[in-house]
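Data from model00.cif: mmCIF, C-alpha atoms
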data_upload
loop_
_atom_site.label_atom_id
_atom_site.label_comp_id
_atom_site.auth_asym_id
_atom_site.auth_seq_id
_atom_site.Cartn_x
_atom_site.Cartn_y
_atom_site.Cartn_z
CA MET A 1 0.00 0.00 0.00
CA SER A 2 1.27 3.43 -0.98
CA ASN A 3 1.36 6.52 1.22
CA GLY A 4 0.89 8.72 -1.86
CA ASP A 5 4.40 10.17 -1.99
CA GLN A 6 4.69 9.21 -5.68
CA PHE A 7 2.21 12.00 -6.54
CA LEU A 8 4.14 14.78 -4.77
CA GLY A 9 5.83 17.37 -6.97
CA HIS A 10 5.15 19.28 -10.16
CA TRP A 11 3.42 17.76 -13.19
CA LYS A 12 2.87 19.25 -16.65
CA LEU A 13 0.08 18.15 -18.99
CA ALA A 14 1.45 16.31 -22.03
CA SER A 15 -1.69 15.00 -23.75
CA SER A 16 -5.39 14.24 -23.34
CA GLU A 17 -7.84 11.69 -24.67
CA ASN A 18 -11.60 12.30 -24.92
CA TRP A 19 -11.30 15.50 -22.87
CA ASP A 20 -13.80 17.53 -24.91
CA GLU A 21 -16.47 14.84 -24.50
CA TYR A 22 -15.88 14.72 -20.74
CA MET A 23 -16.16 18.50 -20.43
CA LYS A 24 -19.33 18.44 -22.53
CA ALA A 25 -20.79 15.82 -20.15
CA ALA A 26 -19.88 18.10 -17.22
CA GLY A 27 -21.88 20.92 -18.82
CA VAL A 28 -18.88 23.06 -19.83
CA GLY A 29 -19.81 25.54 -22.58
CA LEU A 30 -18.31 25.51 -26.07
CA ALA A 31 -16.07 28.58 -25.63
CA THR A 32 -14.51 27.23 -22.42
CA ARG A 33 -14.08 23.77 -23.97
CA LYS A 34 -12.25 25.28 -26.95
CA GLU A 35 -9.86 27.11 -24.59
CA ALA A 36 -9.32 23.97 -22.50
CA ASN A 37 -8.69 21.81 -25.56
CA GLN A 38 -5.83 24.11 -26.53
CA LEU A 39 -3.98 23.11 -23.38
CA THR A 40 -1.20 20.92 -24.79
CA ASN A 41 -3.32 18.47 -26.68
CA ASN A 42 -0.76 17.01 -29.09
CA LYS A 43 -3.38 15.24 -31.18
CA GLU A 44 -5.09 18.58 -31.85
CA TRP A 45 -1.92 20.41 -32.81
CA LYS A 46 -0.16 17.97 -35.16
CA ARG A 47 -2.69 18.16 -38.00
CA GLY A 48 -1.83 19.64 -41.35
CA GLY A 49 1.49 19.76 -43.15
CA GLY A 50 2.45 20.18 -46.77
CA ALA A 51 1.67 23.67 -48.02
CA THR A 52 0.31 24.64 -44.59
CA GLN A 53 3.45 23.63 -42.66
CA PRO A 54 4.33 27.22 -41.56
CA ASP A 55 0.81 27.69 -40.13
CA VAL A 56 1.00 24.35 -38.32
CA LEU A 57 4.38 25.30 -36.83
CA VAL A 58 3.02 28.64 -35.56
CA THR A 59 -0.07 26.89 -34.18
CA ARG A 60 2.10 24.34 -32.36
CA LYS A 61 4.27 27.10 -30.88
CA VAL A 62 1.17 28.86 -29.55
CA ALA A 63 -0.25 25.57 -28.26
CA ASN A 64 2.99 24.78 -26.44
CA GLN A 65 2.58 28.01 -24.48
CA LEU A 66 -0.89 26.89 -23.32
CA THR A 67 -0.77 24.18 -20.74
CA SER A 68 -1.99 22.84 -17.44
CA TYR A 69 -0.05 21.88 -14.33
CA GLU A 70 -0.68 19.92 -11.15
CA ASP A 71 1.45 20.72 -8.11
CA TRP A 72 1.09 18.27 -5.20
CA LYS A 73 2.25 18.97 -1.64
CA ARG A 74 1.65 17.35 1.72
CA GLU A 75 2.23 18.71 5.19
CA GLY A 76 1.47 16.09 7.83
CA ASP A 77 -1.96 14.70 6.91
CA GLN A 78 -2.96 17.85 4.97
CA TRP A 79 -2.75 17.49 1.15
CA THR A 80 -2.72 20.43 -1.25
CA LEU A 81 -3.31 20.24 -4.99
CA HIS A 82 -2.67 23.43 -6.96
CA ILE A 83 -4.09 23.12 -10.48
CA SER A 84 -3.05 25.91 -12.81
CA SER A 85 -3.57 26.52 -16.49
CA THR A 86 -3.31 29.38 -18.91
CA PHE A 87 -6.99 30.21 -18.24
CA LYS A 88 -7.84 29.14 -14.71
CA SER A 89 -6.28 28.09 -11.40
CA LYS A 90 -7.52 26.47 -8.24
CA ILE A 91 -6.22 25.11 -4.95
CA VAL A 92 -7.76 22.10 -3.25
CA THR A 93 -6.78 21.27 0.34
CA PHE A 94 -7.98 18.08 2.01
CA LYS A 95 -7.23 15.19 4.34
CA MET A 96 -7.24 11.65 2.96
CA GLY A 97 -10.44 9.81 3.79
CA GLU A 98 -12.34 12.91 4.98
CA GLU A 99 -15.21 14.35 2.94
CA PHE A 100 -14.90 18.02 1.95
CA ASP A 101 -16.77 20.63 -0.13
CA GLU A 102 -15.21 21.43 -3.49
CA ASP A 103 -15.88 23.82 -6.35
CA THR A 104 -14.59 22.01 -9.43
CA MET A 105 -12.67 23.66 -12.30
CA ASP A 106 -15.79 23.17 -14.48
CA GLY A 107 -17.97 25.06 -11.97
CA ARG A 108 -19.77 22.22 -10.18
CA LYS A 109 -20.25 22.20 -6.41
CA VAL A 110 -19.50 18.70 -5.11
CA LYS A 111 -18.87 16.68 -1.98
CA SER A 112 -15.44 15.14 -2.47
CA LEU A 113 -13.62 12.23 -0.89
CA VAL A 114 -10.02 11.32 -1.72
CA THR A 115 -8.57 7.94 -0.74
CA LEU A 116 -5.50 5.87 -1.53
CA GLU A 117 -6.36 2.47 -3.01
CA GLY A 118 -3.15 0.52 -3.51
CA ASP A 119 -0.89 2.73 -5.65
CA LYS A 120 -3.81 4.84 -6.91
CA MET A 121 -5.32 8.04 -5.57
CA VAL A 122 -9.10 7.96 -6.03
CA HIS A 123 -11.05 11.23 -5.88
CA LYS A 124 -14.84 10.80 -5.85
CA GLN A 125 -16.93 13.90 -6.61
CA LYS A 126 -20.65 13.69 -5.76
CA PRO A 127 -22.76 16.60 -7.02
CA THR A 128 -24.72 18.66 -4.54
CA LYS A 129 -27.17 19.63 -7.30
CA GLU A 130 -29.53 17.04 -8.80
CA GLY A 131 -28.68 16.00 -12.35
CA GLU A 132 -25.07 17.24 -12.36
CA LEU A 133 -22.08 15.07 -13.17
CA ASP A 134 -21.08 12.39 -10.67
CA SER A 135 -17.40 11.72 -11.28
CA THR A 136 -14.39 9.74 -10.16
CA VAL A 137 -10.87 11.01 -10.83
CA THR A 138 -8.14 8.39 -10.44
CA ARG A 139 -4.45 9.20 -10.43
CA GLU A 140 -1.69 6.67 -10.94
CA ILE A 141 1.97 6.64 -11.92
CA LEU A 142 2.62 4.61 -15.07
CA ASP A 143 5.69 2.42 -15.58
CA ASP A 144 7.25 5.13 -17.78
CA GLY A 145 6.98 7.68 -14.91
CA ARG A 146 4.05 9.67 -16.32
CA LEU A 147 1.07 10.59 -14.16
CA LEU A 148 -2.18 9.28 -15.63
CA VAL A 149 -5.32 11.08 -14.48
CA THR A 150 -8.47 9.20 -15.51
CA PHE A 151 -11.81 11.00 -15.32
CA VAL A 152 -14.96 8.85 -15.26
CA ALA A 153 -18.36 10.48 -15.66
CA GLU A 154 -20.20 7.87 -13.59
CA ASN A 155 -23.74 8.76 -14.62
CA LYS A 156 -22.79 9.29 -18.30
CA GLY A 157 -20.67 6.19 -19.02
CA LEU A 158 -17.80 8.35 -20.29
CA THR A 159 -14.04 8.23 -19.62
CA ALA A 160 -11.29 10.76 -20.39
CA LYS A 161 -7.55 10.50 -19.75
CA ARG A 162 -4.90 13.14 -19.20
CA TYR A 163 -1.20 12.34 -19.15
CA PHE A 164 1.29 14.48 -17.21
CA THR A 165 5.08 14.42 -17.10
CA SER A 166 7.26 15.37 -14.15
CA HIS A 167 8.15 19.05 -14.42
CA LYS A 168 10.73 21.31 -12.80
CA PRO A 169 9.21 24.81 -12.52
#

Translate the structure of the given file into structure tokens.
Amino acid sequence: MSNGDQFLGHWKLASSENWDEYMKAAGVGLATRKEANQLTNNKEWKRGGGATQPDVLVTRKVANQLTSYEDWKREGDQWTLHISSTFKSKIVTFKMGEEFDEDTMDGRKVKSLVTLEGDKMVHKQKPTKEGELDSTVTREILDDGRLLVTFVAENKGLTAKRYFTSHKP
């Protein structure tokens, strides 16, 4: 059983899978989704080529300046997650195994509970408003050292993945 130390430190978003669909399920509007999808989504930014190569290069350079970070700290039994992106930032402070109120990055008000299950950190978010997204966010370190954050929209049957690499600020 892990004590969670593997999550401590700075992480930079490298790529995402199915992120737009997850945000749509969470009720995030089109304009905000477009901004969020520009946050280092390599699949989005490698299209094109040929006669458009200069435009693609400029687009990639702009995209590389847009990103998202997770910064994990722990002091005693108090955990702090600082999520920052080009467009929005938030700090979440909690104790493992204790329910807390959270305002999510997508604007939902939820009751959250974070636990360690083996080598995974599981963050359950239960909506306080009827009909809103019920989600589970699971973090794990992959064999190649990347942080995988898996978002499951429980009541929508939808999964998204975000991959982060260790980052020295």

Expand the PyMOL selection byres ((chain A and resi 100) around 8) into the individual residues it matches in the shown file, reporting them as a short mmCIF file (atom, residue, chain, number, x, y, z; two decimals) with C-alpha atoms, keeping the file's coordinate frame.
data_model
loop_
_atom_site.label_atom_id
_atom_site.label_comp_id
_atom_site.auth_asym_id
_atom_site.auth_seq_id
_atom_site.Cartn_x
_atom_site.Cartn_y
_atom_site.Cartn_z
CA PHE A 94 -7.98 18.08 2.01
CA GLU A 98 -12.34 12.91 4.98
CA GLU A 99 -15.21 14.35 2.94
CA ASP A 101 -16.77 20.63 -0.13
CA GLU A 102 -15.21 21.43 -3.49
CA LYS A 111 -18.87 16.68 -1.98
CA SER A 112 -15.44 15.14 -2.47
CA LEU A 113 -13.62 12.23 -0.89
#

Item to check | Selection dump of the PyMOL selection byres ((chain A and resi 144) around 12), as a PyMOL selection string | outcome: chain A and resi 140-143+145-148+163-166

Checklist entry - When distances are computed from all atoms listed in the file, which of A:Lys126, A:Lys120, A:Lys168, A:Lys88 shows the smallest separation from Met105 of chain A? => result A:Lys88

Checklist entry - Mind listing as an MDAnalysis selection string all residues within 9 Å of (-20.6, 19.9, -17.5), counting only C-alpha atoms? => result chainID A and resid 22:29 106:108 132:133

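Nearest residue to Gly4 of chain A among A:Val110, A:Leu116, A:Val149, A:Val92 is A:Leu116, counting all atoms listed in the file.
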
Chain and number of each residue from the PyMOL selection byres ((chain A and resi 124) around 8), as a PDB file with C-alpha atoms, in the frame of the given file:
ATOM      1  CA  SER A 112     -15.440  15.140  -2.470  1.00  0.00           C
ATOM      2  CA  LEU A 113     -13.620  12.230  -0.890  1.00  0.00           C
ATOM      3  CA  VAL A 114     -10.020  11.320  -1.720  1.00  0.00           C
ATOM      4  CA  VAL A 122      -9.100   7.960  -6.030  1.00  0.00           C
ATOM      5  CA  HIS A 123     -11.050  11.230  -5.880  1.00  0.00           C
ATOM      6  CA  GLN A 125     -16.930  13.900  -6.610  1.00  0.00           C
ATOM      7  CA  LYS A 126     -20.650  13.690  -5.760  1.00  0.00           C
ATOM      8  CA  SER A 135     -17.400  11.720 -11.280  1.00  0.00           C
ATOM      9  CA  THR A 136     -14.390   9.740 -10.160  1.00  0.00           C
ATOM     10  CA  VAL A 137     -10.870  11.010 -10.830  1.00  0.00           C
TER      11      VAL A 137
END

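Counting all atoms listed in the file, the residue from A:Ser85, A:Asn18, A:Ser68, A:Thr115 that sits nearest to Leu158 of chain A is A:Asn18.
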
Next on the checklist: Show me the residues around (-2.3, 17.5, 5.0) - criterion: an atom at most 10 Å away, only C-alpha atoms counted - as a PyMOL selection string.
Outcome noted: chain A and resi 73-80+93-96

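Across the model, the gap from atom CA of Asp103 of chain A to atom CA of Glu17 of chain A is 23.4 Å.
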
Next on the checklist: Ranking A:Thr138, A:Ser15, A:Ser89, A:Gln6 by minimum distance to Arg162 of chain A and counting only C-alpha atoms, which one comes first?
Outcome noted: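 Once distances to Arg162 of chain A are computed over only C-alpha atoms, the minimum belongs to A:Ser15.
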